[in-house]
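One structure is given here, and the rest of the page talks about it.
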Amino acid sequence: AVSVVSHFYFDESIHQRGNFIVGSYVYGPDAEVGVAEALLSCGLQPDVNEFKSSTLMARHPEQVALRAQLRSLLRGYRVGVLVMPASSRASLGEEALRGLDQIARSNSLMAGGLVASFDKGVFDSVDEATRLCTALKIDEYCDDSPEQDSRIVKGIQLADVTAHTCAMMLLETLGLVVKQVKAGPNSGYDPDMEIQ
């Protein structure tokens, strides 16, 4: 029997003004081909370009198009979210692994092959990630890949768009950000009027 490997991709979005970090776990099949195709469809080059939520979207229409493509691709994945204080940034790696372990155990995901890829900067070092995986016994059921480049491990770009979207929703809910959009056609208002 051929075992199917499932993937966890993790990235975070840090927001000092709200004093929180949102981490996103994206779980499902290998995202390499899907993300590469999304990049190509937006005129970008896989392994060279990537989705970065920190990009000013108003100046980069290709990033806006890519964000839409990645959100569409996410329909084939499951998402988990970690929220923690920004002041606890030093423990992000450990909390990310504890969240991964909780998700895997709660959903009985330990029997199959699991690979977890974490973006650069989640851990202080690869050695720290290895030590934590051993201490938490995650290495018994999951192949951990810390400090990955999201241009190479493309599924991390799915976690980036998810973490950023969830963080913006939380900022808006807390009243720290007000999102304005055009009313649009058939709204009953002037289509160019800005509304929340």
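In the structure tokens, each chain is lettered A, B, ... as it comes, each chain's residues begin at 1, and ligands are numbered from 1 in order of appearance.
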
Using only C-alpha atoms, which protein or nucleic acid residues come within 10 Å of Gln157 in chain A? Drop anything in the same chain fewer than 2 positions from it, and give the result as an mmCIF file with all heavy atoms, in the first residue's frame.
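Below is the file result03.cif, written as the result:
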data_model
loop_
_atom_site.group_PDB
_atom_site.id
_atom_site.type_symbol
_atom_site.label_atom_id
_atom_site.label_comp_id
_atom_site.auth_asym_id
_atom_site.auth_seq_id
_atom_site.Cartn_x
_atom_site.Cartn_y
_atom_site.Cartn_z
ATOM 1 N N TYR A 9 1.465 23.456 6.515
ATOM 2 C CA TYR A 9 2.278 24.638 6.206
ATOM 3 C C TYR A 9 1.946 25.681 7.263
ATOM 4 O O TYR A 9 0.772 25.883 7.581
ATOM 5 C CB TYR A 9 1.948 25.172 4.815
ATOM 6 C CG TYR A 9 2.182 24.167 3.714
ATOM 7 C CD1 TYR A 9 1.110 23.509 3.107
ATOM 8 C CD2 TYR A 9 3.470 23.868 3.286
ATOM 9 C CE1 TYR A 9 1.315 22.583 2.099
ATOM 10 C CE2 TYR A 9 3.680 22.936 2.267
ATOM 11 C CZ TYR A 9 2.606 22.292 1.679
ATOM 12 O OH TYR A 9 2.813 21.372 0.681
ATOM 13 N N PHE A 10 2.977 26.343 7.787
ATOM 14 C CA PHE A 10 2.751 27.317 8.860
ATOM 15 C C PHE A 10 3.475 28.616 8.554
ATOM 16 O O PHE A 10 4.642 28.632 8.160
ATOM 17 C CB PHE A 10 3.266 26.773 10.200
ATOM 18 C CG PHE A 10 3.008 27.703 11.360
ATOM 19 C CD1 PHE A 10 1.817 27.639 12.062
ATOM 20 C CD2 PHE A 10 3.948 28.657 11.733
ATOM 21 C CE1 PHE A 10 1.562 28.514 13.124
ATOM 22 C CE2 PHE A 10 3.708 29.527 12.787
ATOM 23 C CZ PHE A 10 2.516 29.452 13.490
ATOM 24 N N ASP A 11 2.768 29.723 8.761
ATOM 25 C CA ASP A 11 3.360 31.063 8.693
ATOM 26 C C ASP A 11 2.626 31.919 9.706
ATOM 27 O O ASP A 11 1.553 31.553 10.187
ATOM 28 C CB ASP A 11 3.231 31.653 7.292
ATOM 29 C CG ASP A 11 4.211 32.801 7.042
ATOM 30 O OD1 ASP A 11 5.020 33.128 7.934
ATOM 31 O OD2 ASP A 11 4.162 33.380 5.940
ATOM 32 N N VAL A 26 -2.045 25.374 7.432
ATOM 33 C CA VAL A 26 -2.800 24.944 6.264
ATOM 34 C C VAL A 26 -2.481 23.466 6.082
ATOM 35 O O VAL A 26 -1.314 23.086 5.979
ATOM 36 C CB VAL A 26 -2.425 25.768 5.016
ATOM 37 C CG1 VAL A 26 -3.095 25.205 3.774
ATOM 38 C CG2 VAL A 26 -2.821 27.231 5.214
ATOM 39 N N ALA A 31 1.227 21.304 -1.925
ATOM 40 C CA ALA A 31 0.723 22.485 -2.629
ATOM 41 C C ALA A 31 1.654 22.991 -3.721
ATOM 42 O O ALA A 31 1.364 23.992 -4.374
ATOM 43 C CB ALA A 31 0.471 23.610 -1.616
ATOM 44 N N VAL A 35 0.342 26.038 -6.256
ATOM 45 C CA VAL A 35 0.860 27.390 -6.041
ATOM 46 C C VAL A 35 1.709 27.826 -7.230
ATOM 47 O O VAL A 35 1.624 28.977 -7.671
ATOM 48 C CB VAL A 35 1.639 27.492 -4.709
ATOM 49 C CG1 VAL A 35 2.285 28.865 -4.559
ATOM 50 C CG2 VAL A 35 0.716 27.198 -3.524
ATOM 51 N N GLU A 50 7.011 35.245 -5.202
ATOM 52 C CA GLU A 50 6.168 34.593 -4.200
ATOM 53 C C GLU A 50 5.110 35.582 -3.735
ATOM 54 O O GLU A 50 5.238 36.788 -3.930
ATOM 55 C CB GLU A 50 7.000 34.131 -3.008
ATOM 56 C CG GLU A 50 7.630 35.285 -2.244
ATOM 57 C CD GLU A 50 8.510 34.846 -1.091
ATOM 58 O OE1 GLU A 50 8.086 33.980 -0.319
ATOM 59 O OE2 GLU A 50 9.622 35.389 -0.969
ATOM 60 N N PHE A 51 4.068 35.046 -3.108
ATOM 61 C CA PHE A 51 3.092 35.912 -2.469
ATOM 62 C C PHE A 51 3.666 36.364 -1.138
ATOM 63 O O PHE A 51 4.138 35.560 -0.341
ATOM 64 C CB PHE A 51 1.757 35.199 -2.221
ATOM 65 C CG PHE A 51 0.794 36.071 -1.464
ATOM 66 C CD1 PHE A 51 0.092 37.066 -2.123
ATOM 67 C CD2 PHE A 51 0.643 35.943 -0.093
ATOM 68 C CE1 PHE A 51 -0.762 37.907 -1.427
ATOM 69 C CE2 PHE A 51 -0.216 36.784 0.613
ATOM 70 C CZ PHE A 51 -0.915 37.767 -0.065
ATOM 71 N N LYS A 52 3.631 37.667 -0.890
ATOM 72 C CA LYS A 52 4.053 38.228 0.397
ATOM 73 C C LYS A 52 2.951 39.165 0.853
ATOM 74 O O LYS A 52 2.673 40.172 0.213
ATOM 75 C CB LYS A 52 5.371 39.005 0.281
ATOM 76 C CG LYS A 52 6.598 38.165 0.021
ATOM 77 C CD LYS A 52 6.824 37.106 1.050
ATOM 78 C CE LYS A 52 7.534 37.593 2.270
ATOM 79 N NZ LYS A 52 7.817 36.508 3.230
ATOM 80 N N SER A 53 2.326 38.839 1.959
ATOM 81 C CA SER A 53 1.221 39.660 2.458
ATOM 82 C C SER A 53 1.678 41.057 2.844
ATOM 83 O O SER A 53 0.871 41.980 2.890
ATOM 84 C CB SER A 53 0.548 38.982 3.649
ATOM 85 O OG SER A 53 1.481 38.772 4.685
ATOM 86 N N ARG A 67 -3.150 36.682 -4.769
ATOM 87 C CA ARG A 67 -3.889 36.479 -3.515
ATOM 88 C C ARG A 67 -5.243 35.817 -3.804
ATOM 89 O O ARG A 67 -5.647 34.869 -3.124
ATOM 90 C CB ARG A 67 -4.087 37.810 -2.792
ATOM 91 C CG ARG A 67 -4.873 37.689 -1.492
ATOM 92 C CD ARG A 67 -5.003 39.016 -0.795
ATOM 93 N NE ARG A 67 -5.699 39.977 -1.630
ATOM 94 C CZ ARG A 67 -5.711 41.289 -1.417
ATOM 95 N NH1 ARG A 67 -5.072 41.811 -0.382
ATOM 96 N NH2 ARG A 67 -6.356 42.099 -2.229
ATOM 97 N N LEU A 70 -4.662 32.160 -4.703
ATOM 98 C CA LEU A 70 -4.310 31.349 -3.527
ATOM 99 C C LEU A 70 -5.536 31.116 -2.645
ATOM 100 O O LEU A 70 -5.728 30.018 -2.113
ATOM 101 C CB LEU A 70 -3.181 32.003 -2.732
ATOM 102 C CG LEU A 70 -1.829 32.103 -3.451
ATOM 103 C CD1 LEU A 70 -0.809 32.790 -2.563
ATOM 104 C CD2 LEU A 70 -1.337 30.749 -3.923
ATOM 105 N N ASP A 119 7.778 28.552 7.989
ATOM 106 C CA ASP A 119 8.477 29.653 7.337
ATOM 107 C C ASP A 119 9.708 30.061 8.147
ATOM 108 O O ASP A 119 9.808 29.781 9.343
ATOM 109 C CB ASP A 119 7.534 30.851 7.186
ATOM 110 C CG ASP A 119 8.054 31.889 6.211
ATOM 111 O OD1 ASP A 119 8.860 31.549 5.316
ATOM 112 O OD2 ASP A 119 7.660 33.066 6.330
ATOM 113 N N ASP A 149 12.161 28.415 3.042
ATOM 114 C CA ASP A 149 11.959 29.559 2.150
ATOM 115 C C ASP A 149 10.633 29.338 1.419
ATOM 116 O O ASP A 149 10.463 28.322 0.738
ATOM 117 C CB ASP A 149 13.119 29.627 1.158
ATOM 118 C CG ASP A 149 13.054 30.819 0.217
ATOM 119 O OD1 ASP A 149 11.954 31.365 -0.016
ATOM 120 O OD2 ASP A 149 14.114 31.195 -0.310
ATOM 121 N N SER A 150 9.697 30.268 1.542
ATOM 122 C CA SER A 150 8.378 30.089 0.937
ATOM 123 C C SER A 150 8.396 30.148 -0.592
ATOM 124 O O SER A 150 7.419 29.770 -1.234
ATOM 125 C CB SER A 150 7.379 31.102 1.497
ATOM 126 O OG SER A 150 7.811 32.417 1.286
ATOM 127 N N ARG A 151 9.505 30.578 -1.181
ATOM 128 C CA ARG A 151 9.618 30.477 -2.640
ATOM 129 C C ARG A 151 9.889 29.036 -3.046
ATOM 130 O O ARG A 151 9.527 28.621 -4.133
ATOM 131 C CB ARG A 151 10.732 31.368 -3.178
ATOM 132 C CG ARG A 151 10.370 32.834 -3.185
ATOM 133 C CD ARG A 151 11.547 33.682 -3.550
ATOM 134 N NE ARG A 151 12.581 33.475 -2.537
ATOM 135 C CZ ARG A 151 13.802 33.965 -2.581
ATOM 136 N NH1 ARG A 151 14.176 34.698 -3.598
ATOM 137 N NH2 ARG A 151 14.654 33.737 -1.616
ATOM 138 N N ILE A 152 10.521 28.279 -2.166
ATOM 139 C CA ILE A 152 10.853 26.886 -2.448
ATOM 140 C C ILE A 152 9.753 25.950 -1.952
ATOM 141 O O ILE A 152 9.293 25.075 -2.678
ATOM 142 C CB ILE A 152 12.211 26.512 -1.801
ATOM 143 C CG1 ILE A 152 13.304 27.498 -2.217
ATOM 144 C CG2 ILE A 152 12.593 25.078 -2.131
ATOM 145 C CD1 ILE A 152 13.510 27.666 -3.705
ATOM 146 N N VAL A 153 9.322 26.108 -0.703
ATOM 147 C CA VAL A 153 8.204 25.328 -0.146
ATOM 148 C C VAL A 153 6.955 26.197 -0.310
ATOM 149 O O VAL A 153 6.585 26.971 0.560
ATOM 150 C CB VAL A 153 8.454 24.953 1.336
ATOM 151 C CG1 VAL A 153 7.287 24.135 1.881
ATOM 152 C CG2 VAL A 153 9.761 24.191 1.484
ATOM 153 N N LYS A 154 6.355 26.078 -1.473
ATOM 154 C CA LYS A 154 5.327 27.020 -1.910
ATOM 155 C C LYS A 154 4.053 27.004 -1.068
ATOM 156 O O LYS A 154 3.329 27.989 -1.008
ATOM 157 C CB LYS A 154 5.021 26.793 -3.386
ATOM 158 C CG LYS A 154 6.202 27.160 -4.269
ATOM 159 C CD LYS A 154 5.954 26.804 -5.709
ATOM 160 C CE LYS A 154 7.156 27.099 -6.564
ATOM 161 N NZ LYS A 154 8.420 26.563 -6.076
ATOM 162 N N GLY A 155 3.757 25.909 -0.393
ATOM 163 C CA GLY A 155 2.563 25.849 0.439
ATOM 164 C C GLY A 155 2.583 26.865 1.568
ATOM 165 O O GLY A 155 1.522 27.258 2.074
ATOM 166 N N ALA A 159 -0.238 29.573 3.749
ATOM 167 C CA ALA A 159 -0.303 29.921 5.173
ATOM 168 C C ALA A 159 -0.121 31.429 5.363
ATOM 169 O O ALA A 159 -0.731 32.021 6.261
ATOM 170 C CB ALA A 159 0.744 29.140 5.959
ATOM 171 N N ASP A 160 0.698 32.058 4.529
ATOM 172 C CA ASP A 160 0.913 33.509 4.601
ATOM 173 C C ASP A 160 -0.392 34.246 4.335
ATOM 174 O O ASP A 160 -0.812 35.101 5.124
ATOM 175 C CB ASP A 160 1.986 33.920 3.590
ATOM 176 C CG ASP A 160 2.323 35.414 3.619
ATOM 177 O OD1 ASP A 160 1.651 36.198 4.317
ATOM 178 O OD2 ASP A 160 3.282 35.809 2.923
ATOM 179 N N VAL A 161 -1.074 33.901 3.239
ATOM 180 C CA VAL A 161 -2.316 34.609 2.904
ATOM 181 C C VAL A 161 -3.380 34.359 3.970
ATOM 182 O O VAL A 161 -4.141 35.266 4.327
ATOM 183 C CB VAL A 161 -2.825 34.254 1.473
ATOM 184 C CG1 VAL A 161 -3.413 32.871 1.383
ATOM 185 C CG2 VAL A 161 -3.834 35.275 0.983
ATOM 186 N N THR A 162 -3.405 33.173 4.535
ATOM 187 C CA THR A 162 -4.398 32.847 5.566
ATOM 188 C C THR A 162 -4.111 33.582 6.868
ATOM 189 O O THR A 162 -5.017 34.157 7.481
ATOM 190 C CB THR A 162 -4.428 31.324 5.807
ATOM 191 O OG1 THR A 162 -4.646 30.672 4.556
ATOM 192 C CG2 THR A 162 -5.521 30.937 6.762
ATOM 193 N N ALA A 163 -2.858 33.575 7.308
ATOM 194 C CA ALA A 163 -2.490 34.265 8.555
ATOM 195 C C ALA A 163 -2.781 35.756 8.439
ATOM 196 O O ALA A 163 -3.335 36.369 9.361
ATOM 197 C CB ALA A 163 -1.017 34.026 8.890
#

From a DSSP pass on the backbone, collect the residues of range 111-169 of chain A flagged as alpha helix (DSSP H) and hand them back as a count of residues only. 25

Need to verify the contact set: range 90-96 of chain A, 12 Å, only C-alpha atoms, exclusion of same-chain residues closer than 3 positions in sequence. Can you return it as an MDAnalysis selection string? chainID A and resid 8:14 20:25 80:87 99:103 116:136 138 144 146:147

For each of A:Pro191, A:Gly113, A:Gly43, A:Gly28, take the minimum atom-to-atom distance to Leu158 in chain A, counting only C-alpha atoms, then give the residue where this is smallest.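 For Leu158 in chain A, the nearest of the candidates is A:Gly28.
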
Hey, which of A:Tyr77, A:Leu170, A:Tyr141, A:Ala111 ends up closest to Val4 in chain A? Count only C-alpha atoms. A:Ala111

Just how far from CA of Leu109 in chain A is CA of Glu140 in chain A, in Å to one decimal?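 Calculated distance between CA of Glu140 in chain A and CA of Leu109 in chain A is 12.3 Å.
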
Students should find that CA of Ala58 in chain A and CA of Arg78 in chain A are spaced 28.8 Å

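From CA of Ser54 in chain A back to CA of Gly34 in chain A, the distance works out to 21.6 Å.
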
Chain A: which residues are strand (DSSP E) by DSSP, as a count of residues only? 46

If you count only C-alpha atoms, which residues fall within 6 Å of Leu114 in chain A, apart from same-chain ones fewer than 6 positions away, as a VMD selection string? chain A and resid 5 to 7 142

Please, could you write that set of residues out with N, CA and C atoms as a short mmCIF file (atom, residue, chain, number, x, y, z; two decimals), in the first residue's frame?
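So result28.cif came out as:
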data_model
loop_
_atom_site.label_atom_id
_atom_site.label_comp_id
_atom_site.auth_asym_id
_atom_site.auth_seq_id
_atom_site.Cartn_x
_atom_site.Cartn_y
_atom_site.Cartn_z
N VAL A 5 1.22 11.22 1.77
CA VAL A 5 1.79 12.19 2.70
C VAL A 5 0.90 13.43 2.72
N SER A 6 0.55 13.85 3.92
CA SER A 6 -0.20 15.10 4.08
C SER A 6 0.74 16.17 4.61
N HIS A 7 0.43 17.40 4.29
CA HIS A 7 1.32 18.50 4.63
C HIS A 7 0.64 19.51 5.55
N CYS A 142 5.73 12.97 12.73
CA CYS A 142 5.76 14.05 11.75
C CYS A 142 7.19 14.42 11.39
#

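Look at Glu62 in chain A: the protein and nucleic acid residues within 8 Å of it, using only C-alpha atoms and passing over chain neighbours fewer than 2 places away, are A:Cys42, A:Gly43, A:Leu44, A:His60, A:Val64, A:Ala65, A:Leu66.
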
Could you save the residues just selected, with N, CA, C and O atoms, as a PDB file, in the first residue's frame?
ATOM      1  N   CYS A  42      -0.486  34.424 -12.943  1.00  0.00           N
ATOM      2  CA  CYS A  42      -0.438  35.856 -12.626  1.00  0.00           C
ATOM      3  C   CYS A  42       0.799  36.536 -13.230  1.00  0.00           C
ATOM      4  O   CYS A  42       1.119  37.675 -12.890  1.00  0.00           O
ATOM      5  N   GLY A  43       1.492  35.817 -14.115  1.00  0.00           N
ATOM      6  CA  GLY A  43       2.668  36.377 -14.771  1.00  0.00           C
ATOM      7  C   GLY A  43       3.909  36.388 -13.902  1.00  0.00           C
ATOM      8  O   GLY A  43       4.862  37.123 -14.185  1.00  0.00           O
ATOM      9  N   LEU A  44       3.925  35.574 -12.860  1.00  0.00           N
ATOM     10  CA  LEU A  44       5.077  35.514 -11.953  1.00  0.00           C
ATOM     11  C   LEU A  44       5.815  34.203 -12.149  1.00  0.00           C
ATOM     12  O   LEU A  44       5.271  33.235 -12.683  1.00  0.00           O
ATOM     13  N   HIS A  60       0.877  46.670  -6.639  1.00  0.00           N
ATOM     14  CA  HIS A  60       1.250  45.391  -7.252  1.00  0.00           C
ATOM     15  C   HIS A  60       0.012  44.577  -7.613  1.00  0.00           C
ATOM     16  O   HIS A  60      -0.376  43.653  -6.892  1.00  0.00           O
ATOM     17  N   VAL A  64      -2.281  41.121  -6.056  1.00  0.00           N
ATOM     18  CA  VAL A  64      -3.721  41.058  -5.793  1.00  0.00           C
ATOM     19  C   VAL A  64      -4.312  39.846  -6.513  1.00  0.00           C
ATOM     20  O   VAL A  64      -5.091  39.072  -5.932  1.00  0.00           O
ATOM     21  N   ALA A  65      -3.926  39.667  -7.775  1.00  0.00           N
ATOM     22  CA  ALA A  65      -4.415  38.526  -8.552  1.00  0.00           C
ATOM     23  C   ALA A  65      -3.938  37.211  -7.938  1.00  0.00           C
ATOM     24  O   ALA A  65      -4.705  36.244  -7.832  1.00  0.00           O
ATOM     25  N   LEU A  66      -2.698  37.175  -7.491  1.00  0.00           N
ATOM     26  CA  LEU A  66      -2.153  35.963  -6.876  1.00  0.00           C
ATOM     27  C   LEU A  66      -2.876  35.655  -5.567  1.00  0.00           C
ATOM     28  O   LEU A  66      -3.200  34.502  -5.289  1.00  0.00           O
TER      29      LEU A  66
END
